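**Student:** Let me begin by handing over the structure; questions about it come next.
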Amino acid sequence: ESPSPMSLPMGENMFYWLDVPVPENARPGIYEGRLSVQADGRAALEVPYRIEVLDITLPPLPDSAVVGFYYYPPDDPGVMETQFRDMAAHGINAVSLSGSFINLSEAGGLRIDWERVVKLDRVMALMRRFRMRRPTSLYVADIYEKLKLPRVASAWTEEHDRKFTTAIRLMNNTAINRGWSRLMFFPVDEPANDPGHMPLARRTLGLLKDMDGIITLCDLNTPSSVEELSPYLDAVVIQVSSVSPRSVELTAGRGLSTFFYLPSFGSYDTGHDAAFHRVIPGWFLPRNGTRGIYYFAYQLTVGDPCDELDGNHRDWCAAYPPASGESLLRPSPEYQGIRRGIEDLRLVYLVRSLAVRCQESGDVMLGQRGQSALAKL
């Protein structure tokens, strides 16, 4: 950020985030310096800093590992590009999207919402550009209202089944034809929290599971809901606060891709600090053998993103918009923790790959070192 004078009322604080990108050609070693903070009428405050640059280049996360955000695209393409560049720069490799793109025509048939498709085209183009080519969760619970489908499973008829499956097939074919990432369809949110939602989840997920080429996903926070719905699923999302060894054991034993999700960001979350969010992707994921985690949310705001009281819901921000005249997004403390956790996770995968190379080298001493490294992990 370019330093510029700030007018600050007496007794208030101002935070400045200092991100230090390390150039690829930087020599390993210790770098030291001082930051000077000057206020009118006061002596300058000198803040020393020390940065250690290691001679290790961390590889990106493998395709089998996912750390992503629930993402709500802004209308401004320039802002969207800035957000994707920020995510990619810090190891985020996936996003989860919300909103179907099928409507009823005036004649009662189904038609593609091309305005929505164009917006998704922009998102998918940025995903390609920043190498986020993993399957993308698409939450399509709005389809019930759009297609006038009952929200009570017992009211569904064969006609409702046909309309629902046709809409899903249209969306899936559109994604394929336009070169998007594969879509994982997510039709019911946390069905175990509402007894009426479980039958609807069984009905809709059962229909999707019988369709060739459709990937099914649902968030399940109890072992009983995993047992009941797993036959219809390819992937499961479990909220971190609801995780149990039994749930993870069930999903792994049934061959499902397992993700965690963790809400949320913003000044409301006084109990979640950077250290907590560093541990979740950095060590908790590989210990559990899960595929990855999605955080809620990168940015979902009403009005001023820094004001929690100016809308009908609070703001969720991993990265706050830049201040006037600046270009850098301002990370929340939680997001800073996640960024460090991703580095830890990349280090885990680096050690694993090196350990395997040691074991396959044929050298006895290298093989022992590889085995020792894996034992420590």
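Chain identifiers are assigned as A, B, and so on, following the order in which chains appear in the structure tokens; residues are numbered from 1 within each chain, and ligands are numbered from 1 in order of appearance.
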Would you give me, as number ranges by chain, the residues in segment 148-357 of chain A that DSSP reads as strand (DSSP E)?
**Tutor:** A: 183-186, 215-219, 235-239, 257-263, 292-296, 299-300, 316-317, 319-320, 330-331
**Student:** Please write the residues from the selection above to a file, keeping N, CA, C and O atoms, as a compact mmCIF listing (two decimals), in the first residue's frame.
**Tutor:**
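Once written, result.txt looks like this:
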# COMPACT_ATOMS: atom_id res chain seq x y z
N LEU A 183 -20.02 -29.38 -12.47
CA LEU A 183 -20.91 -28.89 -11.41
C LEU A 183 -21.28 -30.04 -10.47
O LEU A 183 -21.58 -31.15 -10.92
N MET A 184 -21.25 -29.75 -9.17
CA MET A 184 -21.79 -30.66 -8.16
C MET A 184 -23.11 -30.06 -7.69
O MET A 184 -23.13 -28.95 -7.13
N PHE A 185 -24.22 -30.76 -7.91
CA PHE A 185 -25.53 -30.19 -7.63
C PHE A 185 -25.93 -30.44 -6.17
O PHE A 185 -25.84 -31.56 -5.66
N PHE A 186 -26.43 -29.38 -5.54
CA PHE A 186 -26.62 -29.31 -4.10
C PHE A 186 -28.04 -28.76 -3.87
O PHE A 186 -28.24 -27.55 -3.80
N ILE A 215 -23.16 -35.15 -10.60
CA ILE A 215 -22.46 -35.26 -9.32
C ILE A 215 -23.36 -34.67 -8.23
O ILE A 215 -23.82 -33.53 -8.36
N THR A 216 -23.60 -35.44 -7.17
CA THR A 216 -24.51 -35.00 -6.10
C THR A 216 -23.72 -34.64 -4.85
O THR A 216 -22.73 -35.28 -4.50
N LEU A 217 -24.22 -33.62 -4.15
CA LEU A 217 -23.57 -33.10 -2.96
C LEU A 217 -24.62 -32.65 -1.97
O LEU A 217 -25.69 -32.17 -2.35
N CYS A 218 -24.35 -32.81 -0.66
CA CYS A 218 -25.26 -32.28 0.36
C CYS A 218 -24.47 -32.05 1.64
O CYS A 218 -23.47 -32.73 1.89
N ASP A 219 -24.90 -31.08 2.46
CA ASP A 219 -24.25 -30.84 3.75
C ASP A 219 -25.03 -31.59 4.84
O ASP A 219 -26.22 -31.37 5.03
N ALA A 235 -20.58 -36.71 -2.77
CA ALA A 235 -19.77 -35.89 -1.87
C ALA A 235 -20.63 -35.38 -0.72
O ALA A 235 -21.83 -35.16 -0.88
N VAL A 236 -19.99 -35.19 0.43
CA VAL A 236 -20.65 -34.71 1.64
C VAL A 236 -19.87 -33.53 2.19
O VAL A 236 -18.64 -33.51 2.16
N VAL A 237 -20.60 -32.52 2.68
CA VAL A 237 -20.00 -31.39 3.38
C VAL A 237 -20.46 -31.44 4.84
O VAL A 237 -21.65 -31.60 5.11
N ILE A 238 -19.53 -31.31 5.77
CA ILE A 238 -19.85 -31.37 7.20
C ILE A 238 -19.33 -30.09 7.86
O ILE A 238 -18.17 -29.73 7.70
N GLN A 239 -20.21 -29.41 8.61
CA GLN A 239 -19.77 -28.22 9.33
C GLN A 239 -18.76 -28.62 10.40
O GLN A 239 -18.96 -29.60 11.13
N SER A 257 -16.42 -38.34 -1.35
CA SER A 257 -15.54 -37.21 -1.13
C SER A 257 -16.09 -36.40 0.04
O SER A 257 -17.28 -36.07 0.06
N THR A 258 -15.24 -36.09 1.02
CA THR A 258 -15.69 -35.40 2.22
C THR A 258 -15.05 -34.03 2.32
O THR A 258 -13.83 -33.89 2.20
N PHE A 259 -15.89 -33.02 2.51
CA PHE A 259 -15.44 -31.65 2.71
C PHE A 259 -15.95 -31.15 4.06
O PHE A 259 -16.99 -31.61 4.53
N PHE A 260 -15.25 -30.22 4.64
CA PHE A 260 -15.77 -29.47 5.78
C PHE A 260 -16.20 -28.09 5.29
O PHE A 260 -15.77 -27.63 4.24
N TYR A 261 -17.09 -27.45 6.05
CA TYR A 261 -17.29 -26.03 5.83
C TYR A 261 -17.31 -25.33 7.17
O TYR A 261 -17.63 -25.94 8.19
N LEU A 262 -16.92 -24.08 7.15
CA LEU A 262 -16.78 -23.35 8.40
C LEU A 262 -17.29 -21.93 8.21
O LEU A 262 -16.72 -21.16 7.45
N PRO A 263 -18.39 -21.59 8.85
CA PRO A 263 -18.81 -20.19 8.88
C PRO A 263 -18.15 -19.55 10.10
O PRO A 263 -17.96 -20.24 11.10
N GLY A 292 -11.17 -31.52 1.63
CA GLY A 292 -10.91 -30.09 1.72
C GLY A 292 -11.95 -29.39 2.56
O GLY A 292 -12.74 -30.01 3.28
N ILE A 293 -11.97 -28.06 2.44
CA ILE A 293 -12.86 -27.24 3.24
C ILE A 293 -13.31 -26.04 2.42
O ILE A 293 -12.55 -25.52 1.58
N TYR A 294 -14.56 -25.62 2.65
CA TYR A 294 -15.09 -24.38 2.07
C TYR A 294 -15.44 -23.44 3.22
O TYR A 294 -16.08 -23.85 4.20
N TYR A 295 -15.05 -22.18 3.08
CA TYR A 295 -15.35 -21.17 4.10
C TYR A 295 -16.48 -20.27 3.63
O TYR A 295 -16.57 -19.93 2.46
N PHE A 296 -17.30 -19.88 4.59
CA PHE A 296 -18.41 -18.97 4.28
C PHE A 296 -18.13 -17.62 4.96
O PHE A 296 -18.10 -17.53 6.18
N GLN A 299 -16.95 -12.84 0.25
CA GLN A 299 -17.62 -11.56 0.53
C GLN A 299 -19.11 -11.71 0.28
O GLN A 299 -19.52 -12.11 -0.82
N LEU A 300 -19.90 -11.46 1.31
CA LEU A 300 -21.35 -11.39 1.17
C LEU A 300 -21.80 -10.26 2.07
O LEU A 300 -21.82 -10.38 3.30
N TRP A 316 -20.39 -10.88 5.76
CA TRP A 316 -19.39 -11.94 5.84
C TRP A 316 -18.25 -11.57 4.91
O TRP A 316 -18.45 -11.49 3.69
N CYS A 317 -17.09 -11.34 5.46
CA CYS A 317 -15.96 -10.90 4.64
C CYS A 317 -14.68 -11.59 5.07
O CYS A 317 -14.25 -11.43 6.21
N ALA A 319 -12.05 -10.98 2.98
CA ALA A 319 -11.21 -9.86 2.56
C ALA A 319 -12.10 -8.64 2.35
O ALA A 319 -13.06 -8.69 1.58
N TYR A 320 -11.78 -7.57 3.04
CA TYR A 320 -12.55 -6.34 2.92
C TYR A 320 -12.08 -5.54 1.71
O TYR A 320 -10.91 -5.62 1.32
N ARG A 330 -8.13 -5.94 2.08
CA ARG A 330 -7.71 -6.02 3.47
C ARG A 330 -8.22 -7.33 4.07
O ARG A 330 -9.42 -7.52 4.22
N PRO A 331 -7.33 -8.25 4.44
CA PRO A 331 -7.77 -9.54 4.95
C PRO A 331 -8.26 -9.45 6.39
O PRO A 331 -7.73 -8.68 7.20
**Student:** Do you know which residues are at most 10 Å from segment 150-156 of chain A counting only C-alpha atoms, after dropping those on the same chain fewer than 6 positions away, and could you put them as a count of residues only?
**Tutor:** 11
**Student:** To one decimal place in Å, what is the distance between atom CA of Glu81 of chain A and atom CA of Ala274 of chain A?
**Tutor:** 25.5 Å
**Student:** Let me make sure I understand: among A:Pro245, A:Ile280, A:Asn312, A:Pro59, which one has the smallest atom-to-atom distance to Leu354 of chain A if we use only C-alpha atoms?
**Tutor:**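 With only C-alpha atoms as the atom set, the closest residue is A:Pro59.
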**Student:** As an exercise, work out the distance from atom CA of Ile168 of chain A to atom CA of Ile112 of chain A in Å and give it to one decimal place.
**Tutor:**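 A separation of 11.0 Å between them.
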**Student:** Between A:Gly41, A:Leu8, A:Thr174, A:Val53, which residue has the minimum interatomic distance to Ala26 of chain A, considering only C-alpha atoms?
**Tutor:**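 Residue with the minimum atom-to-atom distance to Ala26 of chain A: A:Val53.
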**Student:** Nearest to Asp194 of chain A among A:Met124, A:Ile342, A:Leu220, A:Leu138, with distances taken over only C-alpha atoms: which residue is it?
**Tutor:**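 Answer, going by the shortest atom-to-atom distance: A:Leu220.
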